[in-house]
Number of protein chains: 4
Amino acid sequence: MTDTAAEARSVLQRLGVAPAAYKDGALEVRSPIDGAVIGRVAMQGPAEVSDALARAEAAFQSWRSVPAPQRGELVRRLGEELRRHKADLGRLVSLEAGKIVQEGLGEVQEMIDICDFAVGLSRQLYGLTIATERPGHRMMETWHPMGPVAVITAFNFPVAVWSWNTMLALVCGDTVVWKPSEKTPLTALACQAIFDRTAADMGLTPGLASLVIGGSDAGMALVDDPRAAIVSATGSTRMGRAVAPRVAARFGRSILELGGNNGMIIAPSADLTLAERGITFSAVGTCGQRCTTLRRIIVHADVYDRLVPRLAQIYGRLPIGNPLDDGTLIGPLIDRAAFDGMQAALAQAKAEGGTVHGGGRALADRFPDAFYVAPALVEMPAQSAIVRHETFAPIVYVLRYSDLDEAIAMHNAVPQGLASAIFTNDLREAERFMSAAGSDCGIVNVNIGPSGAEIGGAFGGEKETGGGRESGSDAWKGYMRRATNTINYSTALPLAQGIRFDID
Amino acid sequence: MTDTAAEARSVLQRLGVAPAAYKDGALEVRSPIDGAVIGRVAMQGPAEVSDALARAEAAFQSWRSVPAPQRGELVRRLGEELRRHKADLGRLVSLEAGKIVQEGLGEVQEMIDICDFAVGLSRQLYGLTIATERPGHRMMETWHPMGPVAVITAFNFPVAVWSWNTMLALVCGDTVVWKPSEKTPLTALACQAIFDRTAADMGLTPGLASLVIGGSDAGMALVDDPRAAIVSATGSTRMGRAVAPRVAARFGRSILELGGNNGMIIAPSADLTLAERGITFSAVGTCGQRCTTLRRIIVHADVYDRLVPRLAQIYGRLPIGNPLDDGTLIGPLIDRAAFDGMQAALAQAKAEGGTVHGGGRALADRFPDAFYVAPALVEMPAQSAIVRHETFAPIVYVLRYSDLDEAIAMHNAVPQGLASAIFTNDLREAERFMSAAGSDCGIVNVNIGPSGAEIGGAFGGEKETGGGRESGSDAWKGYMRRATNTINYSTALPLAQGIRFDID
Amino acid sequence: MTDTAAEARSVLQRLGVAPAAYKDGALEVRSPIDGAVIGRVAMQGPAEVSDALARAEAAFQSWRSVPAPQRGELVRRLGEELRRHKADLGRLVSLEAGKIVQEGLGEVQEMIDICDFAVGLSRQLYGLTIATERPGHRMMETWHPMGPVAVITAFNFPVAVWSWNTMLALVCGDTVVWKPSEKTPLTALACQAIFDRTAADMGLTPGLASLVIGGSDAGMALVDDPRAAIVSATGSTRMGRAVAPRVAARFGRSILELGGNNGMIIAPSADLTLAERGITFSAVGTCGQRCTTLRRIIVHADVYDRLVPRLAQIYGRLPIGNPLDDGTLIGPLIDRAAFDGMQAALAQAKAEGGTVHGGGRALADRFPDAFYVAPALVEMPAQSAIVRHETFAPIVYVLRYSDLDEAIAMHNAVPQGLASAIFTNDLREAERFMSAAGSDCGIVNVNIGPSGAEIGGAFGGEKETGGGRESGSDAWKGYMRRATNTINYSTALPLAQGIRFDID
Amino acid sequence: MTDTAAEARSVLQRLGVAPAAYKDGALEVRSPIDGAVIGRVAMQGPAEVSDALARAEAAFQSWRSVPAPQRGELVRRLGEELRRHKADLGRLVSLEAGKIVQEGLGEVQEMIDICDFAVGLSRQLYGLTIATERPGHRMMETWHPMGPVAVITAFNFPVAVWSWNTMLALVCGDTVVWKPSEKTPLTALACQAIFDRTAADMGLTPGLASLVIGGSDAGMALVDDPRAAIVSATGSTRMGRAVAPRVAARFGRSILELGGNNGMIIAPSADLTLAERGITFSAVGTCGQRCTTLRRIIVHADVYDRLVPRLAQIYGRLPIGNPLDDGTLIGPLIDRAAFDGMQAALAQAKAEGGTVHGGGRALADRFPDAFYVAPALVEMPAQSAIVRHETFAPIVYVLRYSDLDEAIAMHNAVPQGLASAIFTNDLREAERFMSAAGSDCGIVNVNIGPSGAEIGGAFGGEKETGGGRESGSDAWKGYMRRATNTINYSTALPLAQGIRFDID
């Protein structure tokens, strides 16, 4: 058996995290792999939040005027460091968050990708020059840094979400204060250590990005502090519902990435072999604990009986085990609460008429203090309450449809709006799903699952998903403020809309 | 003396508003020109809001699938109607809101301009096609309609703000429910009548845009109703502070255009003749009741003594009077409350050390039930509390500076962030003011006042101004939702970030 | 029988063209409807070209500094005039170019559409503001007017192509000299008359847009004159081959819209009913004389025998006749040369193994001096020489394929690169056709024919099509020059790329 | 004295160039530093061009379908290699092109910068999704690879221009064949070696980028070959005049970066200390052999007598010498022809009334076979013929003005249109110079010289400069072809512009 604690120590050491940071703190960090304590980290609260914001605000005063391509040079070097430490950091993600090594590495790759992307952005950050209606005038639009960004992240993407926000924020001229999930402080320490070394090597001002490990009091201190110009929060809808009004009340800006209840329509013309792969990765990857995890399959009656039994079969033989082992596809749930939530959902699904395949606890003998489960495939007679609810576990509900309009309506009839997919080879169906009358999600895929976005597109969705956008496209605008400039270089002062107002 | 009531009746008739709509309602509409009752309009409440939203939602189901250029055709025809009725509508704005006819016409021109702009947009609404990292895949981003937009407007731009929102919303495929200020329902009835006739002529589905005249209960019903996908609210910071958290709590989207405390720096090299004109129009236009009204002048010590006395002189001879009369530059305040607020502010300014020029009541004999004032120029020893507060009246505070950094710091040291200006012919100063370390406003002008934006740029600002953007540039994105699409047309299913996850 | 000459006269009169302009000139204008002379127009040559360019250059000096939205106001009014005169102008297009009235009206509608689009553009013409690597610097990109644009158009779109170029050129701040086809001077006179009246009503400087009716000497004078900053030429590849090197030799800019040899792939899953409609309109519309006319159909073997006989049947009953008559779908060829070219092509096709359906002369009794033909459907054993050649007549060649890669290769194996289409309901096929390895054309459609583009996209293609782009998207950039600005507002002078170069 | 030959050998060895490549060829490569032969390179001709294009076309077939971010990974690694070899490559640039080491390093930095930029671009290459006027349709625009790009470069930027073109071309999916100047084949061999190693390490298909060292026959073979989809040529206007019509005649695409005759206006308010630095670097950097070299100064009469004598003084003490030595600011001209051309120009300038300061041969004793010169400052009474001519040497002509309009007119009265600058602190002057009525160049700077562009903006200019754009902004579009897609997913086939064409 792996000694997760020993391995965590050696990885942290290679990543350059000072042992003092994880030896004696009040917060016990347990690996979901075996439930062992793999670190003890100090807890911080509102006072440290305030200090961190003070440093971030001070650093911002000079950072905002550093030319963006020079800010990009920091991000480029961070990318190089992440490349160098990819294996270790990926492994630490597995140890702390329980995802399989392939996914841990994928998450680090996503960090690297966003660095490359942000470096390119650092010479763009394009505003517009705009035609003006007044002679001797010029109009333009420029984008300026906003100030400190509070980045609040969840356990399931313990490092990528930080990097999405931080790399964009940095090239945009903002500074960052990060509060990671209390369940994953070690990976946060590792990222921060990499950041600190790189920034110090470049002789940069301290406080550009800092870390506060704490609970909800720390989080709410960030949320309420007017110095946090932006609050970028990833997590549950419940969290978002608490955060959003408080940030709004102080006229701060929120970037919210909240829950998803991601569906997939399987049309008659679907390539079922592809669909099986797409469903499986999307539904059981990260043990069903992605915000983009596939939670609902809406299957056309004509293929239902071919697909669903085959899926049940695949589900039955998926390798569950230590995520550090090669070949494992399903690692543990994050903790007991997640397990309990899953079981409760399955019970409710049964009560609502569902037929549950799988879903039980696994490997309890080998890992009595960890929570491995068989992924659950649940055939439902209708889209009942439990189906419309996001349970953060590997449960996928299966529904049947016969008409595409009906399927789209069913698909949209949930409160969340993150990710969606259709498997079809029928052009008209695919286009209808992507049209204004199709999926109401922020991510609308064809022949790939809802999970696993590239960093080049904007990530996020409306409804209870919170409306934020991160990563690619023009998501960087969320980290900047826009100034509309009109410059009069004439010797007259004409008014817009042809108004006359003569004081002479 | 003008018979404002008679004139309002005849204008409304020419604009095609049914007399029933303004004859016998419970809400007395008074002209700020003379305090006369010029209409009696029925008050509506939450029930009518709910009905209007139901119609808007029903209309949305088909409107969202009408091709945008066809939606643009509606807006083009609205623009033609507005062109035809410009004189009458401009006059009604004067009658109801009290602004001088030139400004009333300017406001209608702004409606026309936004129509032209939105027609062009109706063939654009550009998303992106994006390079993908996976072979046999394609990525793109499309923008889709959001649903009904609640448009809440203020008395001071009784028609333009509606058109900014409505024309963009319509080409974007949204539908609209409008709640105007209780002080300006007649202009709202006129706009709605124009809309209704035009939409009916085209045989369009009813409910695309509708009007609810009501009080704060109606407003809050709009704010809280989940069917209002977007709440676009223009008004005071106080109003915004009430609205924003409630919309956020239900994960709706807000577009807020709230207060401004707009400043102007007068540098030594400023063209003082231009500056005088710029100050005067910005500070006293619309009797100081624009969100972009100039409220603070920060004057370099070297030119202070040349500029300020001259300004006081200009202020002293500005023609105050009936806004319908040619030559009038300053019409009345909207009501007694505005007058009282102004006087209280002036009293506080004095208490804080200020020297007040002007500011008293005017024309009380001629218009005993209306509130005309002499605009106030207030020299302040420092940027004290009253200066940092937005008083919706023609008061401009004058401050002195000697160093540009100090002036910029002073400029930014208010809670609002809407509009700003510098008058200078010094390139370095102008650029510093427009730089990341310069003005923190959404509108940053050089050698023109903060007031009177063109519709081609995005309008709005951060801080207590609320962060919304309307009108030009890509402000239309605020009325749509973004979908990121990935289409796999290969026969394989590679994962992003190079993750391997093989189920076979 | 219609008296085309009389009708032309009365239409020209209603359009406000002075009779002197078309009464006694040396150039006989014949209607392709009946071969009757419908006008006699004066021919102009290099001297008049030079004068027109002199006026255009003079007008440019002031026009370039007129704010773009004010330039847009001219275009808006032109659009209104075109709306008002749509019926007459459409009819004149039929009379002079021979296209059916529906298509004549469609062409005018395209003019109207581009006006609306250009009005919107007049507040955009967006350049970029760009992040700079140097502190105290700012970068941006602005787009400026170029100068006079020589617009050379062909007979088949006698008015739309002028408007595409002219409306964009005008809002971009350029001026225009137009040389239409010698076959269609009357419509040109009508457009110019509308322009002249509108510009005069607005009190604009003369020379913004002018007309030169002449032959190839006039055309080449435009091509070679350095005052013509841009030469936008629409016509044959032969013409383009003469024009392009001459403009290049004087470092002028060309926008070339030359030949097409537009193909369509019909896949097994195609909706054949749609395909039949798509083929027919694309192949016989404008009597096969559009640059985007469908000239090649590549049909999958599985549907060949269902589609082709049915097409032959449809072809056999298409109403050929006077294009002014309701119900006519196929009007005359433009002239005898076109007829001779068509017959020669059909003869060659037969010699190369083809089976020709239709293609013969029609209505010779009724219209002995006009050239009506039955459209030709030609089944070919292979893509032989005549198939790869563009014959400007209603001939469509039919080829057979069994594998999509083969079909795409066949599709691309022609020298032209304008428009293309696939009819399929198979998502993978459609995407492959639109991919980097698919069609090499500038227009790549799915389930609509190659002909009949909307004005919102950019129009044109590579290879012998000439590479130009007109109409929508950012085609307007072809009419402007880009300036990259760097502004140093610091007191230092750092060099890019970190170069040190110290002179002290 | 430096042994340039020995040093070149050791640098080439460290850069991994096989000795066979530069030992025994027919082309003698001489260092401008001392005239010594530093390499002997084989000459290639049309046959090798044809082979290289064949390989490039073959490689293109697969490269175009490699996802752009994967193509970007090649460019990222090239950037890393360039970072690693910066010192050596910079030194080789000095040895072969004679520019001072600081500039050699700057040129390599520019290569690195463009790599970073292109990596970012590799996830963008944004086309548009566009609103369509037809129900059940979708429009978009995608950008596809074009094919092989012929890159023809000049001696003065022996490596940067290759990288500008190649890095963009590669991420755009194109392949490259490079013909460098015959004067600088060694740096080309070094770049190609770096490329070859990197591509081989990644296991990429051969032929993505290759090198042909040859004379004008090789160049013209590239220009005329239809497989070279794009010809990107940097060099003299004379070269461009030969190339452009030949590429145009075959409907190829040109990207031309030709001559400049770059001017700078010095206004009364200019910071003269900055101006002196800006003038000196721009005028004498690279010994006056940049396409953006400052060649004309137009000085306001009020500051002429302060500036010009001071400049003459600075010119008199600029350190001329071995460019490898620290402290040297002016290295040698490239060869005797350059020297002769310079002397002829100075003689003509004198004949045209000019007063010449400096300009004579320097260091002839120490370097009898090399051509060092004192930079020349030439006061001219008017902008005579020699001033309007680009002489590729460190000559700057000085002219006097008294009115800005006159200065701008003088500035624009040359055939070239590349780079320009104004030094002023007067906002109005700066804006006028940047306006549509200002400088007609592609690069228009304020308070920095015309030379030394950042890579983030588009580089190039109109008139005899050739009209091409390279490097930043959307210059990448020059390397791709645009496809406008319309997809019909409805069951109907409406035509654009509302045309009816019913075949049933």
# chains A, B, ... in the order shown; residues from 1 in each chain; ligands from 1
>>> closest_atom_pairs(of="chain D", to="chain B", cutoff="9 Å", atoms="only C-alpha atoms", output="CSV")
residue,atom,partner,partner_atom,distance
D:Ser65,CA,B:Pro135,CA,7.0
D:Val66,CA,B:Pro135,CA,6.4
D:Pro67,CA,B:Glu133,CA,5.1
D:Ala68,CA,B:Ala131,CA,6.0
D:Pro69,CA,B:Glu133,CA,5.1
D:Gln70,CA,B:Glu133,CA,6.4
D:Leu121,CA,B:Ala131,CA,8.8
D:Ser122,CA,B:Ala131,CA,6.8
D:Arg123,CA,B:Ala131,CA,5.0
D:Gln124,CA,B:Ile130,CA,5.3
D:Leu125,CA,B:Ala131,CA,6.1
D:Tyr126,CA,B:Ile130,CA,5.2
D:Gly127,CA,B:Thr129,CA,4.7
D:Leu128,CA,B:Leu128,CA,4.4
D:Thr129,CA,B:Gly127,CA,4.7
D:Ile130,CA,B:Tyr126,CA,5.1
D:Ala131,CA,B:Arg123,CA,5.0
D:Thr132,CA,B:Pro67,CA,6.1
D:Glu133,CA,B:Pro67,CA,5.1
D:Arg134,CA,B:Pro67,CA,5.8
D:Pro135,CA,B:Pro67,CA,5.5
D:Gly136,CA,B:Ser65,CA,8.1
D:His137,CA,B:Pro67,CA,8.6
D:Met140,CA,B:Thr129,CA,7.5
D:Glu141,CA,B:Thr129,CA,7.1
D:Thr142,CA,B:Thr129,CA,6.4
D:Trp143,CA,B:Thr129,CA,8.6
D:Thr424,CA,B:Leu427,CA,7.9
D:Asn425,CA,B:Leu427,CA,5.0
D:Asp426,CA,B:Asp426,CA,5.4
D:Leu427,CA,B:Leu427,CA,4.5
D:Arg428,CA,B:Asn425,CA,6.7
D:Ala430,CA,B:Leu427,CA,7.7
>>> select_by_dssp(residues="segment 156-375 of chain D", states="strand (DSSP E or B)", output="PyMOL selection string")
chain D and resi 175-179+209-211+214+230-234+253-257+262-266+294-300+320+330+355-357+361-362+372-373
>>> residues_around(residues="Glu454 of chain A", least_positions_apart="3", cutoff="10 Å", atoms="only C-alpha atoms", output="ChimeraX atom specification")
/A:110,113-114,451,457-459,471-472 /B:132-134,139,486,495-497 /D:123
>>> residues_around(residues="Arg64 of chain B", least_positions_apart="3", cutoff="7 Å", atoms="only C-alpha atoms", output="count of residues only")
6
>>> residues_around(residues="Leu256 of chain A", least_positions_apart="3", cutoff="8 Å", atoms="only C-alpha atoms", output="ChimeraX atom specification")
/A:232-234,240,244,465-469
>>> write_last_selection(atoms="all heavy atoms", output="compact mmCIF listing (two decimals), in the first residue's frame")
# COMPACT_ATOMS: atom_id res chain seq x y z
N SER A 232 -13.71 36.07 -7.77
CA SER A 232 -13.89 34.96 -8.69
C SER A 232 -14.06 33.70 -7.86
O SER A 232 -13.09 33.22 -7.26
CB SER A 232 -12.70 34.84 -9.62
OG SER A 232 -12.86 33.72 -10.45
N ALA A 233 -15.27 33.18 -7.82
CA ALA A 233 -15.55 32.08 -6.90
C ALA A 233 -16.07 30.86 -7.67
O ALA A 233 -17.01 30.98 -8.45
CB ALA A 233 -16.58 32.51 -5.86
N THR A 234 -15.43 29.75 -7.41
CA THR A 234 -15.83 28.49 -8.03
C THR A 234 -16.31 27.55 -6.94
O THR A 234 -15.62 27.37 -5.94
CB THR A 234 -14.63 27.87 -8.77
OG1 THR A 234 -14.16 28.80 -9.73
CG2 THR A 234 -15.01 26.57 -9.44
N GLY A 240 -22.44 30.14 -4.10
CA GLY A 240 -22.65 31.30 -4.96
C GLY A 240 -23.81 32.15 -4.50
O GLY A 240 -23.78 33.38 -4.57
N ALA A 244 -22.86 35.97 -4.05
CA ALA A 244 -23.24 36.93 -5.08
C ALA A 244 -23.91 38.18 -4.52
O ALA A 244 -23.51 39.31 -4.87
CB ALA A 244 -24.14 36.25 -6.12
N THR A 465 -25.63 28.49 -12.65
CA THR A 465 -24.18 28.34 -12.84
C THR A 465 -23.47 29.66 -12.56
O THR A 465 -22.27 29.69 -12.33
CB THR A 465 -23.90 27.80 -14.26
OG1 THR A 465 -24.56 26.54 -14.37
CG2 THR A 465 -22.43 27.64 -14.54
N GLY A 466 -24.20 30.75 -12.57
CA GLY A 466 -23.66 31.99 -12.04
C GLY A 466 -23.29 33.04 -13.07
O GLY A 466 -23.05 34.20 -12.73
N GLY A 467 -23.17 32.65 -14.35
CA GLY A 467 -22.98 33.65 -15.39
C GLY A 467 -21.54 34.07 -15.66
O GLY A 467 -21.29 34.81 -16.59
N GLY A 468 -20.58 33.61 -14.85
CA GLY A 468 -19.19 34.01 -15.08
C GLY A 468 -18.58 33.30 -16.29
O GLY A 468 -19.09 32.29 -16.76
N ARG A 469 -17.52 33.88 -16.81
CA ARG A 469 -16.76 33.23 -17.87
C ARG A 469 -15.28 33.32 -17.53
O ARG A 469 -14.81 34.41 -17.14
CB ARG A 469 -17.00 33.86 -19.24
CG ARG A 469 -18.36 33.59 -19.84
CD ARG A 469 -18.62 32.12 -20.10
NE ARG A 469 -19.88 31.91 -20.80
CZ ARG A 469 -21.10 32.00 -20.27
NH1 ARG A 469 -21.25 32.30 -19.01
NH2 ARG A 469 -22.18 31.76 -21.01
>>> residues_around(residues="Glu103 of chain C", least_positions_apart="3", cutoff="12 Å", atoms="only C-alpha atoms", output="number ranges by chain")
C: 86-87, 89-95, 97-100, 106-110, 156-160, 281, 284-287, 290, 323-324, 326, 328-331, 452; D: 495-501
>>> select_by_dssp(residues="segment 254-398 of chain C", states="alpha helix (DSSP H)", output="number ranges by chain")
C: 272-284, 301-316, 336-351, 385-388
>>> residues_around(residues="Tyr401 of chain A", least_positions_apart="6", cutoff="7 Å", atoms="only C-alpha atoms", output="number ranges by chain")
A: 298-301, 407
>>> closest_residue(among="A:Ile487, A:Leu318, A:Met239, A:Val149", to="Ser435 of chain D", atoms="only C-alpha atoms")
A:Ile487
>>> atom_distance(atom1="atom CA of Arg432 of chain D", atom2="atom CA of Tyr489 of chain A")
7.5 Å
